[in-house]
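*Asks:* Next up is a structure, given as structure tokens.
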Amino acid sequence: MSPPTDVAIIGGGIVGCAAAAFLAEAGVRVDLYEQDEVAAGASGRNSGSVQHPFDPVLTDLHAETLRHYRDLNDFELPPQAAGVLMLARERSVLEPSVAEVARNSPELAPELLAPDELRRVEPAVGPGLWGCRLDTGYPVRPGAATRAFAKRAYAAGARFHEGETAWPWVIAGRARGVLAAGVRRPAGAVLVAAGPWTPELIDPTGSWRPIVPVWGVVAEVEMDAPPRHVLEEAGVEAVGGGGTAAIFSLVPADGQVSIGSTFLPEEPDAPMWAPTLRRGGERFVPALRRGKVVGARACARPQSFDGRPLVGELPDVEGLWTAAGHGPWGISAGPATARIAAEALLGNIEVPASLSVARF
Ligand SMILES: Cc1cc2nc3c(=O)[nH]c(=O)nc-3n(C[C@H](O)[C@H](O)[C@H](O)COP(=O)(O)OP(=O)(O)OC[C@H]3O[C@@H](n4cnc5c(N)ncnc54)[C@H](O)[C@@H]3O)c2cc1C
């Protein structure tokens, strides 16, 4: 089969916009359909930390993503990592995480910090806490990378259909294009990059659900002296599946900090959660008590069963492709996934087995 000359992309998040840029720059005619506006989902409402995802497969995607960000116009990746501080009340809670990071990701130079050392490194944290500093964590504006990729795709000729809900148009086991605004729009291939909505677009019967939404709330708080580091309560990597209601994280950006986050199966009421998140954060950063909550946002992580994205052509529908399922790591790893999806669509590479959609 020769590669398609025109591709319809459903979803204007980080994955869809980056894929649109890569495909359009390769000479493909791209139409991107976004039901709301670019970055309306998690790609515009996340905590805003580009950081190492610990999982070895995602780590490669993250390393490539950093390179894409350094090359991206209209996007500022800080030149140095701010550092991530994992925090816990007990040394024993932190020790297993530190040992695991040291084993799997020694490049992060994990360093266990006793309470006094921790406060020397980050004066904003409260007394009696243990910490581990990791050499990662680049705070960015939540939607900036997605919008920059959209701009790059547009400059390369991609056409954006914002405010248009689209569905794959499939006949006799072959994707023919999309159905959007009640109209059939033919395309050589369809790439569904619709984050947590991906399974319902691919299989409206509901029997294929390898990605589920895990809803998070982020509270925006103004602080006089915000922490310098990205802060995370130890254990955040273990809660991707939605087992815990809320776990503390803080990302500082320009005097305003994003406090997270919840892990919920249903869409939460963001303003209702904001005071709870701030109160929870006071256990780690006492000055949050004086911080002013200036906003709250909710969005859904596209969580796959094994925590890795699903990429490739659906085994039983020719011409129907997907790239989705980054859970809490889409801003840190999504552009590399998009590049792999684009290259595979063009027939240049095969999708690695660890990412292949065929594994579910
Ligand atoms: C609270 C929270 C904090 C996070 N913090 C971080 C972080 O600090 N660092 C990090 O790396 N990651 C973070 N993430 C994860 C990251 O935001 C996601 O993994 C990533 O944004 C997913 O991108 P996506 O393009 O796959 O999906 P999305 O951003 O969800 O984009 C999918 C798009 O598809 C559109 N769509 C859906 N259905 C249709 C349809 N039928 N027709 C047209 N359009 C449709 C949606 O409107 C949406 O815009 C966080 C997530 C949450 C929830």
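Letters A, B, ... mark the chains of the structure tokens in the order given; residue numbers begin at 1 per chain; ligand numbers begin at 1, in order shown.
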According to DSSP computed on the backbone, where in segment 151-311 of chain A is there alpha helix (DSSP H)? Give the residues as a VMD selection string.

*Replies:* chain A and resid 151 to 155 198 to 202 270 to 282

*Asks:* Can you pull out the residues contacting Arg209 of chain A? Cut-off 9 Å, using only C-alpha atoms, and skip same-chain residues under 5 positions away; I want them as a PyMOL selection string.

*Replies:* chain A and resi 198-200+203+304

*Asks:* For Pro186 of chain A, work out the shell of residues within 9 Å, counting only C-alpha atoms and skipping chain neighbours fewer than 6 positions away, then give it as a list in words.

*Replies:*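 Those residues are Asp6, Ala8, Trp169, Ala175, Arg176, Gly177, Val178 and Leu179 of chain A.
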
*Asks:* For ligand 1, which residue out of A:Arg228, A:Arg184, A:Arg297, A:Lys151 is the nearest one, using only C-alpha atoms and all ligand atoms?

*Replies:*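 Distance minimum relative to ligand 1 lands on A:Arg297.
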
*Asks:* Excluding segment 27-34 of chain A and residues on its chain fewer than 2 positions from it, collect all residues at most 9 Å away from it, counting only C-alpha atoms, and give them as an MDAnalysis selection string.

*Replies:* chainID A and resid 4:13 16:17 20:25 36:38 40 153 156:166 180 187 194 346

*Asks:* Out of A:Glu222, A:Arg279, A:Tyr138, A:Arg185, which residue has the shortest atom-to-atom distance to Ala246 of chain A when counting only C-alpha atoms?

*Replies:*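 Going through A:Glu222, A:Arg279, A:Tyr138, A:Arg185 one by one, the smallest distance to Ala246 of chain A is for A:Arg279.
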
*Asks:* Name the residues of segment 99-198 of chain A that come out as strand (DSSP E) in a backbone DSSP run; write them as a VMD selection string.

*Replies:* chain A and resid 111 to 113 130 to 134 138 to 139 159 to 162 166 to 171 174 to 180 183 to 186 189 to 192

*Asks:* Go ahead and dump the residues you just picked, N, CA and C atoms, as an mmCIF file, in the first residue's frame.

*Replies:*
```
data_model
loop_
_atom_site.group_PDB
_atom_site.id
_atom_site.type_symbol
_atom_site.label_atom_id
_atom_site.label_comp_id
_atom_site.auth_asym_id
_atom_site.auth_seq_id
_atom_site.Cartn_x
_atom_site.Cartn_y
_atom_site.Cartn_z
ATOM 1 N N GLU A 111 18.888 12.054 45.051
ATOM 2 C CA GLU A 111 19.650 12.354 46.262
ATOM 3 C C GLU A 111 18.657 12.454 47.414
ATOM 4 N N LEU A 112 18.796 11.565 48.394
ATOM 5 C CA LEU A 112 17.896 11.598 49.552
ATOM 6 C C LEU A 112 18.296 12.761 50.456
ATOM 7 N N LEU A 113 17.314 13.573 50.845
ATOM 8 C CA LEU A 113 17.609 14.766 51.650
ATOM 9 C C LEU A 113 16.888 14.679 52.996
ATOM 10 N N TRP A 130 11.002 14.723 54.522
ATOM 11 C CA TRP A 130 12.128 14.151 53.793
ATOM 12 C C TRP A 130 11.935 14.433 52.309
ATOM 13 N N GLY A 131 13.031 14.503 51.583
ATOM 14 C CA GLY A 131 12.919 14.811 50.159
ATOM 15 C C GLY A 131 13.902 14.026 49.330
ATOM 16 N N CYS A 132 13.626 13.997 48.040
ATOM 17 C CA CYS A 132 14.583 13.442 47.089
ATOM 18 C C CYS A 132 14.587 14.360 45.880
ATOM 19 N N ARG A 133 15.769 14.899 45.557
ATOM 20 C CA ARG A 133 15.846 15.796 44.402
ATOM 21 C C ARG A 133 16.190 15.004 43.153
ATOM 22 N N LEU A 134 15.459 15.281 42.078
ATOM 23 C CA LEU A 134 15.704 14.625 40.789
ATOM 24 C C LEU A 134 16.024 15.692 39.758
ATOM 25 N N TYR A 138 10.796 20.746 33.915
ATOM 26 C CA TYR A 138 10.871 22.048 33.241
ATOM 27 C C TYR A 138 9.473 22.668 33.286
ATOM 28 N N PRO A 139 9.242 23.677 34.130
ATOM 29 C CA PRO A 139 7.897 24.283 34.169
ATOM 30 C C PRO A 139 7.617 25.061 32.883
ATOM 31 N N ARG A 159 -4.899 22.143 7.759
ATOM 32 C CA ARG A 159 -6.127 22.931 7.927
ATOM 33 C C ARG A 159 -6.796 22.531 9.235
ATOM 34 N N PHE A 160 -7.161 23.535 10.021
ATOM 35 C CA PHE A 160 -7.750 23.282 11.335
ATOM 36 C C PHE A 160 -9.254 23.541 11.290
ATOM 37 N N HIS A 161 -10.022 22.560 11.794
ATOM 38 C CA HIS A 161 -11.482 22.699 11.856
ATOM 39 C C HIS A 161 -11.866 22.714 13.331
ATOM 40 N N GLU A 162 -11.712 23.864 13.981
ATOM 41 C CA GLU A 162 -12.060 23.946 15.401
ATOM 42 C C GLU A 162 -13.574 24.080 15.538
ATOM 43 N N ALA A 166 -15.850 15.236 15.139
ATOM 44 C CA ALA A 166 -15.695 14.311 14.012
ATOM 45 C C ALA A 166 -15.698 12.866 14.499
ATOM 46 N N TRP A 167 -16.111 11.977 13.615
ATOM 47 C CA TRP A 167 -16.101 10.534 13.890
ATOM 48 C C TRP A 167 -15.458 9.844 12.697
ATOM 49 N N PRO A 168 -14.711 8.765 12.939
ATOM 50 C CA PRO A 168 -14.191 8.026 11.784
ATOM 51 C C PRO A 168 -15.356 7.507 10.938
ATOM 52 N N TRP A 169 -15.204 7.596 9.642
ATOM 53 C CA TRP A 169 -16.222 7.091 8.699
ATOM 54 C C TRP A 169 -15.656 5.799 8.123
ATOM 55 N N VAL A 170 -16.242 4.688 8.573
ATOM 56 C CA VAL A 170 -15.690 3.365 8.242
ATOM 57 C C VAL A 170 -16.729 2.577 7.460
ATOM 58 N N ILE A 171 -16.306 2.032 6.327
ATOM 59 C CA ILE A 171 -17.196 1.134 5.558
ATOM 60 C C ILE A 171 -16.412 -0.132 5.230
ATOM 61 N N ARG A 174 -12.769 -0.497 6.293
ATOM 62 C CA ARG A 174 -11.781 0.484 5.796
ATOM 63 C C ARG A 174 -12.230 1.889 6.185
ATOM 64 N N ALA A 175 -11.304 2.686 6.741
ATOM 65 C CA ALA A 175 -11.625 4.082 7.051
ATOM 66 C C ALA A 175 -11.639 4.874 5.753
ATOM 67 N N ARG A 176 -12.757 5.567 5.527
ATOM 68 C CA ARG A 176 -12.893 6.347 4.267
ATOM 69 C C ARG A 176 -12.671 7.827 4.496
ATOM 70 N N GLY A 177 -12.654 8.230 5.756
ATOM 71 C CA GLY A 177 -12.538 9.651 6.077
ATOM 72 C C GLY A 177 -13.226 9.889 7.407
ATOM 73 N N VAL A 178 -13.786 11.082 7.572
ATOM 74 C CA VAL A 178 -14.500 11.362 8.824
ATOM 75 C C VAL A 178 -15.899 11.887 8.518
ATOM 76 N N LEU A 179 -16.753 11.749 9.529
ATOM 77 C CA LEU A 179 -18.062 12.390 9.494
ATOM 78 C C LEU A 179 -17.963 13.589 10.420
ATOM 79 N N ALA A 180 -18.123 14.777 9.878
ATOM 80 C CA ALA A 180 -18.009 15.989 10.692
ATOM 81 C C ALA A 180 -19.113 16.941 10.277
ATOM 82 N N VAL A 183 -21.399 15.835 7.624
ATOM 83 C CA VAL A 183 -20.927 15.728 6.242
ATOM 84 C C VAL A 183 -19.805 14.689 6.183
ATOM 85 N N ARG A 184 -19.770 13.880 5.112
ATOM 86 C CA ARG A 184 -18.674 12.927 4.920
ATOM 87 C C ARG A 184 -17.481 13.650 4.307
ATOM 88 N N ARG A 185 -16.351 13.556 4.965
ATOM 89 C CA ARG A 185 -15.135 14.201 4.438
ATOM 90 C C ARG A 185 -14.117 13.104 4.142
ATOM 91 N N PRO A 186 -13.952 12.726 2.877
ATOM 92 C CA PRO A 186 -13.046 11.632 2.539
ATOM 93 C C PRO A 186 -11.603 11.952 2.914
ATOM 94 N N ALA A 189 -6.441 8.369 5.162
ATOM 95 C CA ALA A 189 -6.295 7.694 6.458
ATOM 96 C C ALA A 189 -6.841 8.620 7.534
ATOM 97 N N VAL A 190 -7.211 8.028 8.663
ATOM 98 C CA VAL A 190 -7.729 8.808 9.803
ATOM 99 C C VAL A 190 -6.870 8.491 11.015
ATOM 100 N N LEU A 191 -6.384 9.533 11.684
ATOM 101 C CA LEU A 191 -5.593 9.345 12.907
ATOM 102 C C LEU A 191 -6.416 9.876 14.080
ATOM 103 N N VAL A 192 -6.799 8.972 14.986
ATOM 104 C CA VAL A 192 -7.572 9.399 16.152
ATOM 105 C C VAL A 192 -6.597 9.690 17.287
#
```

*Asks:* Taking only C-alpha atoms and all ligand atoms into account, which of A:Thr337, A:Ser43, A:Ser92, A:Ser2 comes nearest ligand 1?

*Replies:*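 Looking at the shortest contact to ligand 1, the residue is A:Ser43.
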
*Asks:* May I have the residues within 12 Å of Pro328 of chain A as a ChimeraX atom specification, using only C-alpha atoms and disregarding those fewer than 6 positions away in the same chain?

*Replies:* /A:42-43,45-55,58,195-196,213-216,236-242,260-263,299-304,307-309,334

*Asks:* Write the residues you've just listed into a file as a PDB file, in the first residue's frame, and include C-alpha atoms for each of them.

*Replies:*
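Full text of again.pdb as output:
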```pdb
ATOM      1  CA  ALA A  42      -5.681  18.080  29.151  1.00  0.00           C
ATOM      2  CA  SER A  43      -3.125  19.511  26.721  1.00  0.00           C
ATOM      3  CA  ARG A  45      -5.143  22.412  31.376  1.00  0.00           C
ATOM      4  CA  ASN A  46      -2.384  20.227  32.823  1.00  0.00           C
ATOM      5  CA  SER A  47       0.084  21.133  35.593  1.00  0.00           C
ATOM      6  CA  GLY A  48       2.748  22.294  33.174  1.00  0.00           C
ATOM      7  CA  SER A  49       5.777  20.207  34.039  1.00  0.00           C
ATOM      8  CA  VAL A  50       7.851  18.622  31.288  1.00  0.00           C
ATOM      9  CA  GLN A  51       9.572  15.882  33.186  1.00  0.00           C
ATOM     10  CA  HIS A  52      11.152  12.449  33.168  1.00  0.00           C
ATOM     11  CA  PRO A  53       8.438   9.765  33.326  1.00  0.00           C
ATOM     12  CA  PHE A  54      10.520   6.999  35.057  1.00  0.00           C
ATOM     13  CA  ASP A  55       9.151   4.217  32.787  1.00  0.00           C
ATOM     14  CA  LEU A  58       8.414   6.585  28.087  1.00  0.00           C
ATOM     15  CA  GLY A 195      -6.956  11.547  24.313  1.00  0.00           C
ATOM     16  CA  PRO A 196      -9.409   9.878  26.714  1.00  0.00           C
ATOM     17  CA  PRO A 213     -10.277   8.975  31.656  1.00  0.00           C
ATOM     18  CA  VAL A 214      -8.665   9.792  35.014  1.00  0.00           C
ATOM     19  CA  TRP A 215      -9.823  13.275  35.969  1.00  0.00           C
ATOM     20  CA  GLY A 216      -7.518  15.776  37.586  1.00  0.00           C
ATOM     21  CA  VAL A 236       2.567   9.907  42.268  1.00  0.00           C
ATOM     22  CA  GLU A 237       3.790   7.357  39.724  1.00  0.00           C
ATOM     23  CA  ALA A 238       1.788   4.622  41.469  1.00  0.00           C
ATOM     24  CA  VAL A 239      -1.595   6.326  41.275  1.00  0.00           C
ATOM     25  CA  GLY A 240      -1.991   6.685  37.515  1.00  0.00           C
ATOM     26  CA  GLY A 241      -4.793   4.113  37.508  1.00  0.00           C
ATOM     27  CA  GLY A 242      -7.029   6.276  39.649  1.00  0.00           C
ATOM     28  CA  GLY A 260      -2.581  19.343  41.916  1.00  0.00           C
ATOM     29  CA  SER A 261      -4.176  17.021  41.741  1.00  0.00           C
ATOM     30  CA  THR A 262      -7.029  14.573  41.875  1.00  0.00           C
ATOM     31  CA  PHE A 263      -7.289  11.129  40.283  1.00  0.00           C
ATOM     32  CA  CYS A 299      -9.221  17.753  32.678  1.00  0.00           C
ATOM     33  CA  ALA A 300      -8.896  14.039  31.995  1.00  0.00           C
ATOM     34  CA  ARG A 301      -5.708  12.021  31.672  1.00  0.00           C
ATOM     35  CA  PRO A 302      -5.946   9.432  28.896  1.00  0.00           C
ATOM     36  CA  GLN A 303      -4.828   6.475  31.017  1.00  0.00           C
ATOM     37  CA  SER A 304      -3.954   3.213  29.249  1.00  0.00           C
ATOM     38  CA  GLY A 307       0.627   3.409  31.270  1.00  0.00           C
ATOM     39  CA  ARG A 308       2.067   3.619  27.755  1.00  0.00           C
ATOM     40  CA  PRO A 309       0.485   5.151  24.659  1.00  0.00           C
ATOM     41  CA  GLY A 334       3.487  13.131  23.447  1.00  0.00           C
TER      42      GLY A 334
END
```

*Asks:* Give the answer as one residue: which of A:Ser332, A:Gln80, A:Thr276, A:Ser105 has the shortest atom-to-atom distance to ligand 1, using only C-alpha atoms and all ligand atoms?

*Replies:*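 Among the listed residues, the smallest separation from ligand 1 belongs to A:Ser332.
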
*Asks:* Check the smallest atom-to-atom distance from each of A:Ala18, A:Ile211, A:Val217, A:Ala102 to Arg152 of chain A using only C-alpha atoms, then report the winner.

*Replies:*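 For Arg152 of chain A, the nearest of the candidates is A:Ala18.
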
*Asks:* Can you pull out the residues contacting Gly347 of chain A? Cut-off 12 Å, using only C-alpha atoms, and skip same-chain residues under 2 positions away; I want them as a list in words.

*Replies:*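 In the requested form, the answer reads Met1, Ser2, Pro3, Pro4, Thr5, Leu23, Ala26, Gly312, Glu313, Ile340, Ala341, Ala342, Glu343, Ala344, Leu345, Ile349, Glu350 and Val351 of chain A.
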
*Asks:* Which polymer residues have any atom within 12 Å of an atom of Pro56 of chain A, counting only C-alpha atoms, with same-chain residues fewer than 3 positions away left out, as a PDB file with N, CA and C atoms, in the first residue's frame?

*Replies:*
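Okay, this is what ended up in result.pdb:
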```
ATOM      1  N   HIS A  52      10.785  13.845  33.392  1.00  0.00           N
ATOM      2  CA  HIS A  52      11.152  12.449  33.168  1.00  0.00           C
ATOM      3  C   HIS A  52      10.062  11.530  33.717  1.00  0.00           C
ATOM      4  N   PRO A  53       9.581  10.579  32.877  1.00  0.00           N
ATOM      5  CA  PRO A  53       8.438   9.765  33.326  1.00  0.00           C
ATOM      6  C   PRO A  53       8.807   8.445  34.023  1.00  0.00           C
ATOM      7  N   THR A  59      10.684   6.983  28.835  1.00  0.00           N
ATOM      8  CA  THR A  59      11.905   7.789  28.978  1.00  0.00           C
ATOM      9  C   THR A  59      12.501   8.120  27.617  1.00  0.00           C
ATOM     10  N   ASP A  60      12.513   7.134  26.707  1.00  0.00           N
ATOM     11  CA  ASP A  60      13.026   7.404  25.356  1.00  0.00           C
ATOM     12  C   ASP A  60      12.156   8.446  24.657  1.00  0.00           C
ATOM     13  N   LEU A  61      10.844   8.313  24.835  1.00  0.00           N
ATOM     14  CA  LEU A  61       9.936   9.293  24.205  1.00  0.00           C
ATOM     15  C   LEU A  61      10.175  10.684  24.793  1.00  0.00           C
ATOM     16  N   HIS A  62      10.431  10.721  26.090  1.00  0.00           N
ATOM     17  CA  HIS A  62      10.668  12.011  26.750  1.00  0.00           C
ATOM     18  C   HIS A  62      11.957  12.663  26.228  1.00  0.00           C
ATOM     19  N   ALA A  63      13.007  11.848  26.102  1.00  0.00           N
ATOM     20  CA  ALA A  63      14.287  12.412  25.623  1.00  0.00           C
ATOM     21  C   ALA A  63      14.101  12.998  24.221  1.00  0.00           C
ATOM     22  N   GLU A 100      14.457   2.876  43.506  1.00  0.00           N
ATOM     23  CA  GLU A 100      13.977   2.503  42.169  1.00  0.00           C
ATOM     24  C   GLU A 100      14.469   3.493  41.114  1.00  0.00           C
ATOM     25  N   VAL A 101      14.404   4.778  41.443  1.00  0.00           N
ATOM     26  CA  VAL A 101      14.884   5.783  40.479  1.00  0.00           C
ATOM     27  C   VAL A 101      16.383   5.598  40.256  1.00  0.00           C
ATOM     28  N   ARG A 103      18.058   2.910  40.384  1.00  0.00           N
ATOM     29  CA  ARG A 103      18.277   1.694  39.582  1.00  0.00           C
ATOM     30  C   ARG A 103      17.902   1.938  38.119  1.00  0.00           C
ATOM     31  N   ASN A 104      16.710   2.522  37.891  1.00  0.00           N
ATOM     32  CA  ASN A 104      16.181   2.629  36.515  1.00  0.00           C
ATOM     33  C   ASN A 104      16.610   3.895  35.789  1.00  0.00           C
ATOM     34  N   SER A 105      16.843   4.961  36.536  1.00  0.00           N
ATOM     35  CA  SER A 105      17.107   6.254  35.885  1.00  0.00           C
ATOM     36  C   SER A 105      18.236   6.988  36.605  1.00  0.00           C
ATOM     37  N   PRO A 106      19.453   6.412  36.607  1.00  0.00           N
ATOM     38  CA  PRO A 106      20.543   7.042  37.363  1.00  0.00           C
ATOM     39  C   PRO A 106      20.870   8.446  36.867  1.00  0.00           C
ATOM     40  N   GLY A 307      -0.002   2.100  31.068  1.00  0.00           N
ATOM     41  CA  GLY A 307       0.627   3.409  31.270  1.00  0.00           C
ATOM     42  C   GLY A 307       1.394   3.925  30.062  1.00  0.00           C
ATOM     43  N   ARG A 308       1.349   3.177  28.959  1.00  0.00           N
ATOM     44  CA  ARG A 308       2.067   3.619  27.755  1.00  0.00           C
ATOM     45  C   ARG A 308       1.072   3.917  26.637  1.00  0.00           C
ATOM     46  N   ALA A 333       5.979  13.543  26.849  1.00  0.00           N
ATOM     47  CA  ALA A 333       6.365  12.486  25.907  1.00  0.00           C
ATOM     48  C   ALA A 333       5.541  12.480  24.617  1.00  0.00           C
ATOM     49  N   SER A 354       6.339  -2.214  22.006  1.00  0.00           N
ATOM     50  CA  SER A 354       5.952  -1.712  23.328  1.00  0.00           C
ATOM     51  C   SER A 354       4.891  -0.608  23.244  1.00  0.00           C
TER      52      SER A 354
END
```

*Asks:* Give me, please, the distance in Å between atom CA of Gly291 of chain A and atom 22 (C, counted along the ligand's line) of ligand 1, quoted to one decimal.

*Replies:*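 According to the coordinates, atom CA of Gly291 of chain A and atom 22 (C, counted along the ligand's line) of ligand 1 are separated by 28.6 Å.
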
*Asks:* Point out the residue among A:Gly327, A:Pro265, A:Gly143, A:Pro352 with the least atom-to-atom distance to ligand 1, counting only C-alpha atoms and all ligand atoms.

*Replies:*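 Going through A:Gly327, A:Pro265, A:Gly143, A:Pro352 one by one, the smallest distance to ligand 1 is for A:Gly327.
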
*Asks:* Enter the distance from atom 47 (O, counted along the ligand's line) of ligand 1 to atom CA of Ala296 of chain A, in Å, rounded to one decimal.

*Replies:*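 Spanning atom 47 (O, counted along the ligand's line) of ligand 1 to atom CA of Ala296 of chain A is a straight-line distance of 18.3 Å.
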